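Colleague: This is coords.cif (mmCIF, C-alpha atoms).
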data_model
loop_
_atom_site.label_atom_id
_atom_site.label_comp_id
_atom_site.auth_asym_id
_atom_site.auth_seq_id
_atom_site.Cartn_x
_atom_site.Cartn_y
_atom_site.Cartn_z
CA MET A 1279 -106.91 37.72 70.87
CA LYS A 1280 -109.95 37.41 68.67
CA TYR A 1281 -110.75 35.74 65.39
CA CYS A 1282 -112.55 37.58 62.64
CA VAL A 1283 -113.55 36.88 59.06
CA SER A 1284 -112.62 39.51 56.50
CA ALA A 1285 -114.05 39.89 53.00
CA THR A 1286 -112.04 42.93 51.99
CA TRP A 1287 -109.75 41.13 49.54
CA LYS A 1288 -110.48 40.69 45.84
CA THR A 1289 -110.77 36.92 46.07
CA ALA A 1290 -114.15 35.40 46.85
CA LEU A 1291 -112.62 33.23 49.56
CA LEU A 1292 -112.62 34.29 53.21
CA CYS A 1293 -109.48 34.56 55.28
CA LEU A 1294 -108.66 33.99 58.92
CA SER A 1295 -107.59 37.27 60.44
CA VAL A 1296 -105.77 37.16 63.75
CA THR A 1297 -106.03 40.52 65.49
CA LEU A 1298 -103.61 41.10 68.35
CA ALA A 1299 -104.18 43.86 70.87
CA LEU A 1300 -101.86 44.50 73.82
CA SER A 1301 -104.44 42.84 76.04
CA GLY A 1302 -104.36 39.74 73.81
CA CYS A 1303 -100.65 39.01 73.78
CA GLU A 1304 -97.66 39.31 76.02
CA TRP A 1305 -95.62 42.35 75.00
CA GLU A 1306 -92.00 42.78 76.03
CA PHE A 1307 -89.86 45.84 75.37
CA GLY A 1308 -90.17 48.52 77.98
CA THR A 1309 -91.81 51.90 78.10
CA ILE A 1310 -92.59 53.75 74.88
CA ASP A 1311 -92.90 57.52 74.85
CA GLU A 1312 -96.45 58.02 73.56
CA ASP A 1313 -95.32 61.19 71.78
CA GLU A 1314 -92.80 59.24 69.72
CA GLU A 1315 -94.62 56.19 68.50
CA GLY A 1316 -96.28 54.86 65.37
CA LYS A 1317 -98.61 52.01 64.45
CA LEU A 1318 -97.55 48.67 62.96
CA THR A 1319 -99.76 46.13 61.18
CA LEU A 1320 -98.22 42.87 59.94
CA GLU A 1321 -99.87 40.34 57.64
CA LEU A 1322 -98.83 36.96 56.28
CA ALA A 1323 -99.28 35.90 52.65
CA ASP A 1324 -98.12 33.06 50.44
CA ALA A 1325 -97.19 32.06 46.91
CA PRO A 1326 -98.79 28.71 45.99
CA VAL A 1327 -97.49 25.19 45.43
CA ASP A 1328 -99.07 22.48 43.27
CA ASP A 1329 -98.74 18.99 44.74
CA LEU A 1330 -99.82 19.83 48.31
CA THR A 1331 -103.25 20.89 49.55
CA GLU A 1332 -102.06 22.27 52.92
CA VAL A 1333 -98.79 23.62 54.31
CA ASN A 1334 -99.23 24.32 58.01
CA ILE A 1335 -96.88 26.15 60.34
CA THR A 1336 -97.55 26.93 64.00
CA VAL A 1337 -96.50 30.37 65.20
CA THR A 1338 -96.08 31.34 68.86
CA GLY A 1339 -95.36 35.04 68.35
CA VAL A 1340 -93.65 37.80 66.40
CA GLU A 1341 -90.43 39.74 67.02
CA VAL A 1342 -89.66 43.12 65.47
CA LYS A 1343 -86.09 44.48 65.81
CA PRO A 1344 -85.49 48.26 66.11
CA SER A 1345 -82.05 49.33 64.89
CA ASP A 1346 -80.75 50.54 68.26
CA GLU A 1347 -82.81 48.57 70.76
CA ASP A 1348 -83.62 45.02 71.77
CA ALA A 1349 -86.35 43.30 69.77
CA LEU A 1350 -90.01 43.89 70.56
CA VAL A 1351 -91.57 40.51 71.35
CA PHE A 1352 -95.28 39.90 70.79
CA THR A 1353 -96.19 36.49 72.25
CA PHE A 1354 -99.56 34.98 71.33
CA ASP A 1355 -101.86 33.79 74.11
CA GLU A 1356 -101.97 30.42 72.33
CA PRO A 1357 -99.90 29.11 69.40
CA GLU A 1358 -101.65 29.75 66.08
CA THR A 1359 -101.53 27.36 63.13
CA TYR A 1360 -101.71 28.86 59.64
CA ASP A 1361 -102.32 26.95 56.41
CA LEU A 1362 -100.11 28.96 54.07
CA LEU A 1363 -101.94 27.65 51.01
CA GLU A 1364 -105.06 29.50 52.11
CA LEU A 1365 -103.14 32.77 51.80
CA GLN A 1366 -103.06 33.26 48.05
CA ASN A 1367 -104.24 35.73 45.40
CA GLY A 1368 -104.16 38.73 47.69
CA LYS A 1369 -105.57 36.97 50.77
CA THR A 1370 -103.61 37.40 54.03
CA ALA A 1371 -103.69 36.48 57.73
CA LYS A 1372 -103.24 39.35 60.15
CA LEU A 1373 -100.47 38.72 62.67
CA LEU A 1374 -100.32 42.15 64.33
CA SER A 1375 -102.95 44.86 64.07
CA ASN A 1376 -102.29 48.55 64.68
CA GLU A 1377 -99.74 47.93 67.44
CA ASP A 1378 -97.98 50.83 69.19
CA VAL A 1379 -94.27 50.66 68.40
CA PRO A 1380 -91.36 53.14 68.68
CA ALA A 1381 -91.02 55.60 65.81
CA GLU A 1382 -87.63 54.60 64.41
CA SER A 1383 -85.92 52.37 61.88
CA TYR A 1384 -86.16 48.57 62.02
CA GLU A 1385 -83.81 45.79 60.89
CA TRP A 1386 -85.83 42.58 60.75
CA ILE A 1387 -89.05 40.73 61.55
CA ARG A 1388 -89.16 37.17 62.85
CA LEU A 1389 -91.94 34.63 63.29
CA ASN A 1390 -91.30 32.49 66.38
CA LEU A 1391 -92.28 28.88 65.77
CA SER A 1392 -93.61 26.12 67.98
CA SER A 1393 -91.16 23.39 68.98
CA GLU A 1394 -93.95 20.89 69.69
CA SER A 1395 -93.93 17.59 67.79
CA GLY A 1396 -96.29 17.68 64.81
CA ALA A 1397 -96.76 21.45 64.99
CA HIS A 1398 -95.68 21.85 61.36
CA TYR A 1399 -97.03 19.54 58.65
CA VAL A 1400 -98.31 19.30 55.09
CA VAL A 1401 -101.27 17.50 53.51
CA GLY A 1402 -100.82 15.89 50.09
CA GLU A 1403 -103.25 15.55 47.22
CA ASP A 1404 -103.81 11.97 48.42
CA GLY A 1405 -105.20 13.31 51.70
CA GLY A 1406 -102.23 12.04 53.69
CA ARG A 1407 -100.64 14.10 56.44
CA TYR A 1408 -96.84 14.35 56.24
CA SER A 1409 -94.20 15.80 58.53
CA LEU A 1410 -92.57 19.14 57.75
CA ALA A 1411 -89.13 19.94 59.16
CA ILE A 1412 -87.90 23.53 59.55
CA PRO A 1413 -84.14 23.54 60.20
CA SER A 1414 -83.36 25.63 63.29
CA GLY A 1415 -86.96 26.83 63.26
CA ALA A 1416 -87.50 26.28 66.97
CA GLN A 1417 -84.32 28.22 67.81
CA SER A 1418 -84.28 31.08 65.27
CA GLY A 1419 -87.81 31.11 63.85
CA LEU A 1420 -88.48 32.46 60.37
CA GLN A 1421 -86.68 35.76 59.94
CA VAL A 1422 -86.59 38.25 57.10
CA ASN A 1423 -83.90 40.95 57.13
CA ALA A 1424 -85.49 44.01 55.54
CA GLY A 1425 -85.10 47.56 56.73
CA PHE A 1426 -88.08 49.86 57.13
CA SER A 1427 -88.87 52.95 59.19
CA ILE A 1428 -91.87 54.17 61.15
CA ASP A 1429 -92.26 57.91 61.66
CA GLU A 1430 -94.02 59.55 64.56
CA ASP A 1431 -97.81 59.18 64.24
CA ASP A 1432 -97.24 57.07 61.11
CA GLU A 1433 -99.30 53.94 60.44
CA ILE A 1434 -97.50 51.31 58.38
CA GLU A 1435 -98.93 48.06 57.05
CA LEU A 1436 -96.48 45.32 56.05
CA THR A 1437 -96.92 41.88 54.55
CA LEU A 1438 -94.53 39.00 55.08
CA ASP A 1439 -94.71 37.17 51.75
CA PHE A 1440 -93.93 33.49 52.13
CA ASP A 1441 -93.03 31.75 48.86
CA VAL A 1442 -94.01 28.15 49.57
CA ARG A 1443 -93.41 27.05 45.98
CA LYS A 1444 -89.71 27.84 46.36
CA SER A 1445 -89.50 26.88 50.04
CA VAL A 1446 -90.98 23.39 50.36
CA VAL A 1447 -88.99 20.44 49.02
CA ASN A 1448 -89.22 16.68 49.40
CA ALA A 1449 -86.80 15.84 52.20
CA ASN A 1450 -86.28 12.16 51.31
CA SER A 1451 -85.26 11.67 54.93
CA THR A 1452 -86.23 9.48 57.85
CA LEU A 1453 -86.46 12.66 59.94
CA ALA A 1454 -89.24 14.30 57.91
CA ASN A 1455 -91.19 13.87 54.69
CA TYR A 1456 -90.80 17.51 53.61
CA LEU A 1457 -88.31 20.25 54.35
CA LEU A 1458 -89.07 23.97 54.65
CA ARG A 1459 -86.24 26.21 53.46
CA PRO A 1460 -88.00 29.55 53.85
CA VAL A 1461 -87.99 32.09 51.04
CA LEU A 1462 -89.41 35.28 52.55
CA ARG A 1463 -89.73 38.91 51.58
CA LEU A 1464 -91.22 41.89 53.38
CA VAL A 1465 -93.29 44.45 51.48
CA ILE A 1466 -94.98 47.71 52.44
CA ASN A 1467 -98.61 47.28 51.45
CA ASP A 1468 -99.16 50.72 49.92
CA GLU A 1469 -96.01 50.36 47.78
CA VAL A 1470 -97.03 47.22 45.87
CA GLY A 1471 -99.36 46.36 43.01
CA SER A 1472 -100.38 43.22 41.14
CA ILE A 1473 -100.63 41.56 37.73
CA ALA A 1474 -103.74 39.56 36.81
CA GLY A 1475 -105.50 38.25 33.75
CA THR A 1476 -106.90 35.26 31.90
CA VAL A 1477 -105.53 32.37 29.88
CA ASP A 1478 -107.74 31.46 26.93
CA GLU A 1479 -109.29 28.02 27.26
CA SER A 1480 -109.57 27.17 23.56
CA THR A 1481 -106.39 28.69 22.09
CA VAL A 1482 -103.91 28.17 24.95
CA ILE A 1483 -105.16 25.82 27.67
CA ALA A 1484 -106.57 23.22 25.28
CA VAL A 1485 -103.36 23.10 23.25
CA GLU A 1486 -100.78 23.26 26.06
CA CYS A 1487 -102.37 21.27 28.90
CA ASP A 1488 -102.97 17.51 28.96
CA ASN A 1489 -105.69 17.78 31.60
CA ALA A 1490 -106.58 21.32 32.63
CA GLN A 1491 -108.86 20.06 35.39
CA ASP A 1492 -105.83 18.60 37.15
CA TYR A 1493 -103.26 21.22 36.15
CA ALA A 1494 -103.77 24.39 34.11
CA GLY A 1495 -100.21 25.66 34.28
CA LEU A 1496 -98.36 28.59 35.83
CA VAL A 1497 -97.82 32.23 34.99
CA TYR A 1498 -94.21 33.24 35.66
CA VAL A 1499 -93.33 36.80 36.67
CA TYR A 1500 -89.75 38.08 36.26
CA GLU A 1501 -88.21 41.37 37.34
CA GLY A 1502 -87.19 43.51 34.36
CA VAL A 1503 -88.18 44.03 30.72
CA ASP A 1504 -87.84 41.41 27.96
CA ILE A 1505 -86.45 38.70 30.26
CA SER A 1506 -86.03 35.28 28.63
CA PRO A 1507 -88.23 33.06 30.83
CA ASP A 1508 -86.76 30.06 32.61
CA ASP A 1509 -87.97 27.56 35.19
CA LEU A 1510 -87.84 27.45 38.97
CA GLY A 1511 -84.41 26.30 40.04
CA SER A 1512 -82.71 27.94 37.06
CA GLY A 1513 -80.32 30.88 36.95
CA THR A 1514 -83.22 33.12 35.89
CA GLU A 1515 -85.78 32.33 38.53
CA PRO A 1516 -89.08 34.23 38.52
CA VAL A 1517 -90.05 36.53 41.35
CA VAL A 1518 -93.13 34.35 41.62
CA ALA A 1519 -94.90 31.62 39.65
CA VAL A 1520 -98.65 31.62 40.23
CA PRO A 1521 -101.23 28.98 39.25
CA VAL A 1522 -103.84 29.35 36.56
CA VAL A 1523 -107.16 28.29 38.05
CA THR A 1524 -110.79 28.05 37.00
CA ASP A 1525 -112.88 31.07 37.89
CA GLU A 1526 -115.36 29.94 40.55
CA GLU A 1527 -118.06 32.23 39.20
CA ASP A 1528 -117.33 31.47 35.54
CA PRO A 1529 -116.10 27.84 35.17
CA GLY A 1530 -115.22 28.37 31.50
CA THR A 1531 -112.65 31.05 32.34
CA TYR A 1532 -109.10 30.46 33.57
CA ARG A 1533 -107.51 33.22 35.67
CA TYR A 1534 -104.33 34.04 37.57
CA GLU A 1535 -103.18 36.78 39.94
CA ALA A 1536 -99.67 37.73 41.05
CA SER A 1537 -99.91 39.97 44.12
CA LEU A 1538 -97.52 41.99 46.32
CA LEU A 1539 -95.25 43.12 43.49
CA SER A 1540 -93.07 46.17 44.07
CA GLU A 1541 -93.37 49.04 41.61
CA GLY A 1542 -91.34 48.47 38.45
CA ASN A 1543 -91.15 46.63 35.15
CA TYR A 1544 -91.80 42.91 34.83
CA THR A 1545 -91.81 40.17 32.21
CA VAL A 1546 -94.70 37.71 32.30
CA SER A 1547 -94.93 34.31 30.59
CA TYR A 1548 -97.05 31.14 30.73
CA SER A 1549 -96.30 27.40 30.73
CA CYS A 1550 -98.36 24.28 31.31
CA ASP A 1551 -95.31 22.05 31.82
CA ILE A 1552 -94.79 20.60 35.30
CA ASP A 1553 -91.96 22.52 37.00
CA ASN A 1554 -89.83 20.79 39.63
CA ASN A 1555 -88.38 23.56 41.80
CA ASP A 1556 -85.43 21.34 42.86
CA VAL A 1557 -83.82 21.10 39.41
CA ASP A 1558 -83.07 23.23 36.38
CA GLU A 1559 -85.09 21.73 33.54
CA ALA A 1560 -86.28 22.67 30.06
CA ILE A 1561 -89.92 23.71 29.95
CA GLU A 1562 -91.85 25.32 27.11
CA PHE A 1563 -93.20 28.83 27.53
CA VAL A 1564 -96.11 30.32 25.61
CA GLU A 1565 -96.16 34.08 24.98
CA THR A 1566 -93.99 36.58 26.84
CA GLU A 1567 -95.17 40.08 27.68
CA SER A 1568 -93.61 43.05 29.48
CA VAL A 1569 -95.68 45.16 31.86
CA GLU A 1570 -95.25 48.00 34.34
CA VAL A 1571 -96.60 47.62 37.88
CA GLU A 1572 -97.69 50.70 39.82
CA ALA A 1573 -98.42 50.84 43.54
CA GLY A 1574 -102.06 50.22 44.35
CA GLU A 1575 -102.86 49.26 40.75
CA GLU A 1576 -103.60 45.96 39.01
CA ALA A 1577 -101.96 45.50 35.60
CA GLU A 1578 -103.77 43.19 33.18
CA ILE A 1579 -102.03 40.68 30.92
CA ASN A 1580 -104.15 38.09 29.08
CA PHE A 1581 -102.79 35.06 27.22
CA ASN A 1582 -104.91 34.41 24.10
#
Kindly return the structure encoded in the file as structure tokens.
Modeller:
Amino acid sequence: MKYCVSATWKTALLCLSVTLALSGCEWEFGTIDEDEEGKLTLELADAPVDDLTEVNITVTGVEVKPSDEDALVFTFDEPETYDLLELQNGKTAKLLSNEDVPAESYEWIRLNLSSESGAHYVVGEDGGRYSLAIPSGAQSGLQVNAGFSIDEDDEIELTLDFDVRKSVVNANSTLANYLLRPVLRLVINDEVGSIAGTVDESTVIAVECDNAQDYAGLVYVYEGVDISPDDLGSGTEPVVAVPVVTDEEDPGTYRYEASLLSEGNYTVSYSCDIDNNDVDEAIEFVETESVEVEAGEEAEINFN
């Protein structure tokens, strides 16, 4: 196993890329006919959350389940801890890289998690470290049921998109401070696009936000055209709600990016109200636009 820094994503931040070769992990399955195999690359990404600065999970390996065979098990040499909040705006961590796998259909992918005490935790805005419980995580890991196929000599790149904003809730329990109820989806990298743009500082941010330095709002993305926007926890939940942040290279500009969106039509809206993902609440939205997302393309929607 080796660690490498990649600067191939559109964000200016660097990501931790974990590259696994067969010599760097324990591989269990059996013998693969080299004439009937493909290549699998798996990455991990995240949708953001506001009141935490870190959400850390510790992964011991990955399982991939062919339709008619036992699962392939890739076990890491050492458990790897990932801060999911570093994996935003198109930035990912590589879990598997160009692995030889049977050319056939697959049913699910699972992240196997560490059962060690303190292996999973969050860090709050106050700098405090708090416990994170994952129900049945040590036994069943984090699994996403999503079918995909690999053809002979095919090379497929997938991303396991982890929506922390919808997944992490305050546990209010003596057992743990926070609870992880995973919301996961699996996407094929060359079949997704993105939506990005700006929110005007003087005509939108200044009017809608009490203190944009602390919180500049969210852009909500819904599947379909002309959807009436609603909050997290409502009956019309967005596919994703992404933060509006100050551009590091241009501090006077506020930007957002919603990545890993499947091809199709979407409705996009903006709000600077605080959104509690545990309850259905009334928040005010500013502007609503419809947009089409194409694979490999970035659609632009600006709020002025």
Colleague: Tell me, as a ChimeraX atom specification, which residues lie within 7 Å of range 1548-1556 of chain A, counting only C-alpha atoms; anything in the same chain fewer than 5 positions away does not count.
Modeller: /A:1444,1486-1487,1494-1498,1509-1511,1561-1565
Colleague: Calculated over only C-alpha atoms, which of the candidates A:Ile1434, A:Val1333, A:Asn1580, A:Pro1357 has the smallest distance to Glu1403 in chain A?
Modeller: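 Nearest candidate to Glu1403 in chain A out of A:Ile1434, A:Val1333, A:Asn1580, A:Pro1357: A:Val1333.
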Colleague: Mind pulling up the distance from CA of Leu1538 in chain A to CA of Thr1566 in chain A?
Modeller: 20.5 Å
Colleague: Kindly indicate which residue among A:Asn1376, A:Asn1448, A:Lys1369, A:Glu1341 lies nearest to Thr1319 in chain A, using only C-alpha atoms for the distances.
Modeller: A:Asn1376
Colleague: Between A:Ile1483, A:Val1442, A:Val1340, A:Val1522, single out the one closest to Leu1391 in chain A, counting all atoms listed in the file.
Modeller: A:Val1340
Colleague: Taking 5 positions as the minimum chain separation for residues in the same chain, which residues sit within 12 Å of Gly1406 in chain A when counting all atoms listed in the file? Answer as a list in words.
Modeller: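 That gives Asp1329, Leu1330, Thr1331, Glu1332, Tyr1399, Val1400, Val1401 and Asn1455 of chain A.
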Colleague: Given the file above and the PyMOL selection byres ((chain A and resi 1473) around 9), which residues are selected, and can you give them as a PyMOL selection string?
Modeller: chain A and resi 1471-1472+1474-1475+1499+1534-1537+1539+1546+1569+1571+1575-1579
Colleague: Between CA of His1398 in chain A and CA of Pro1521 in chain A, measure the distance and give it in Å to one decimal.
Modeller: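 Separating CA of His1398 in chain A from CA of Pro1521 in chain A is a distance of 23.9 Å.
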Colleague: Can you spell out as number ranges by chain the set of residues that the PyMOL selection byres ((chain A and resi 1436) around 9) selects in the structure I just provided?
Modeller: A: 1318-1322, 1434-1435, 1437-1438, 1464-1468
Colleague: Could you please determine the separation between CA of Thr1476 in chain A and CA of Val1557 in chain A in Å, to one decimal place?
Modeller: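 These two atoms are separated by 28.1 Å.
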Colleague: For a cutoff of 9 Å around the file-coordinate point (-89.4, 19.6, 50.2), which residues qualify once you count all atoms listed in the file? I'd like the result as an NGL selection string.
Modeller: :A and (1410-1411 or 1445-1450 or 1455-1459 or 1556)
Colleague: A:Ser1568, A:Asn1582, A:Pro1460, A:Asp1558: which is nearest Thr1481 in chain A, counting all atoms listed in the file?
Modeller: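 Closest to Thr1481 in chain A of all the choices is A:Asn1582.
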Colleague: On this structure, which residues satisfy the PyMOL selection byres ((chain A and resi 1382) around 6), written as number ranges by chain?
Modeller: A: 1380-1381, 1383, 1427-1428
Colleague: Just write the chosen residues, C-alpha atoms, as a compact mmCIF listing (two decimals), in the coordinates of the input.
Modeller:
# COMPACT_ATOMS: atom_id res chain seq x y z
CA PRO A 1380 -91.36 53.14 68.68
CA ALA A 1381 -91.02 55.60 65.81
CA SER A 1383 -85.92 52.37 61.88
CA SER A 1427 -88.87 52.95 59.19
CA ILE A 1428 -91.87 54.17 61.15
Colleague: Nearest to Glu1430 in chain A: which of A:Val1379, A:Leu1362, A:Val1461, A:Val1342 is it, counting all atoms listed in the file?
Modeller: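 Counting all atoms listed in the file, the residue closest to Glu1430 in chain A is A:Val1379.
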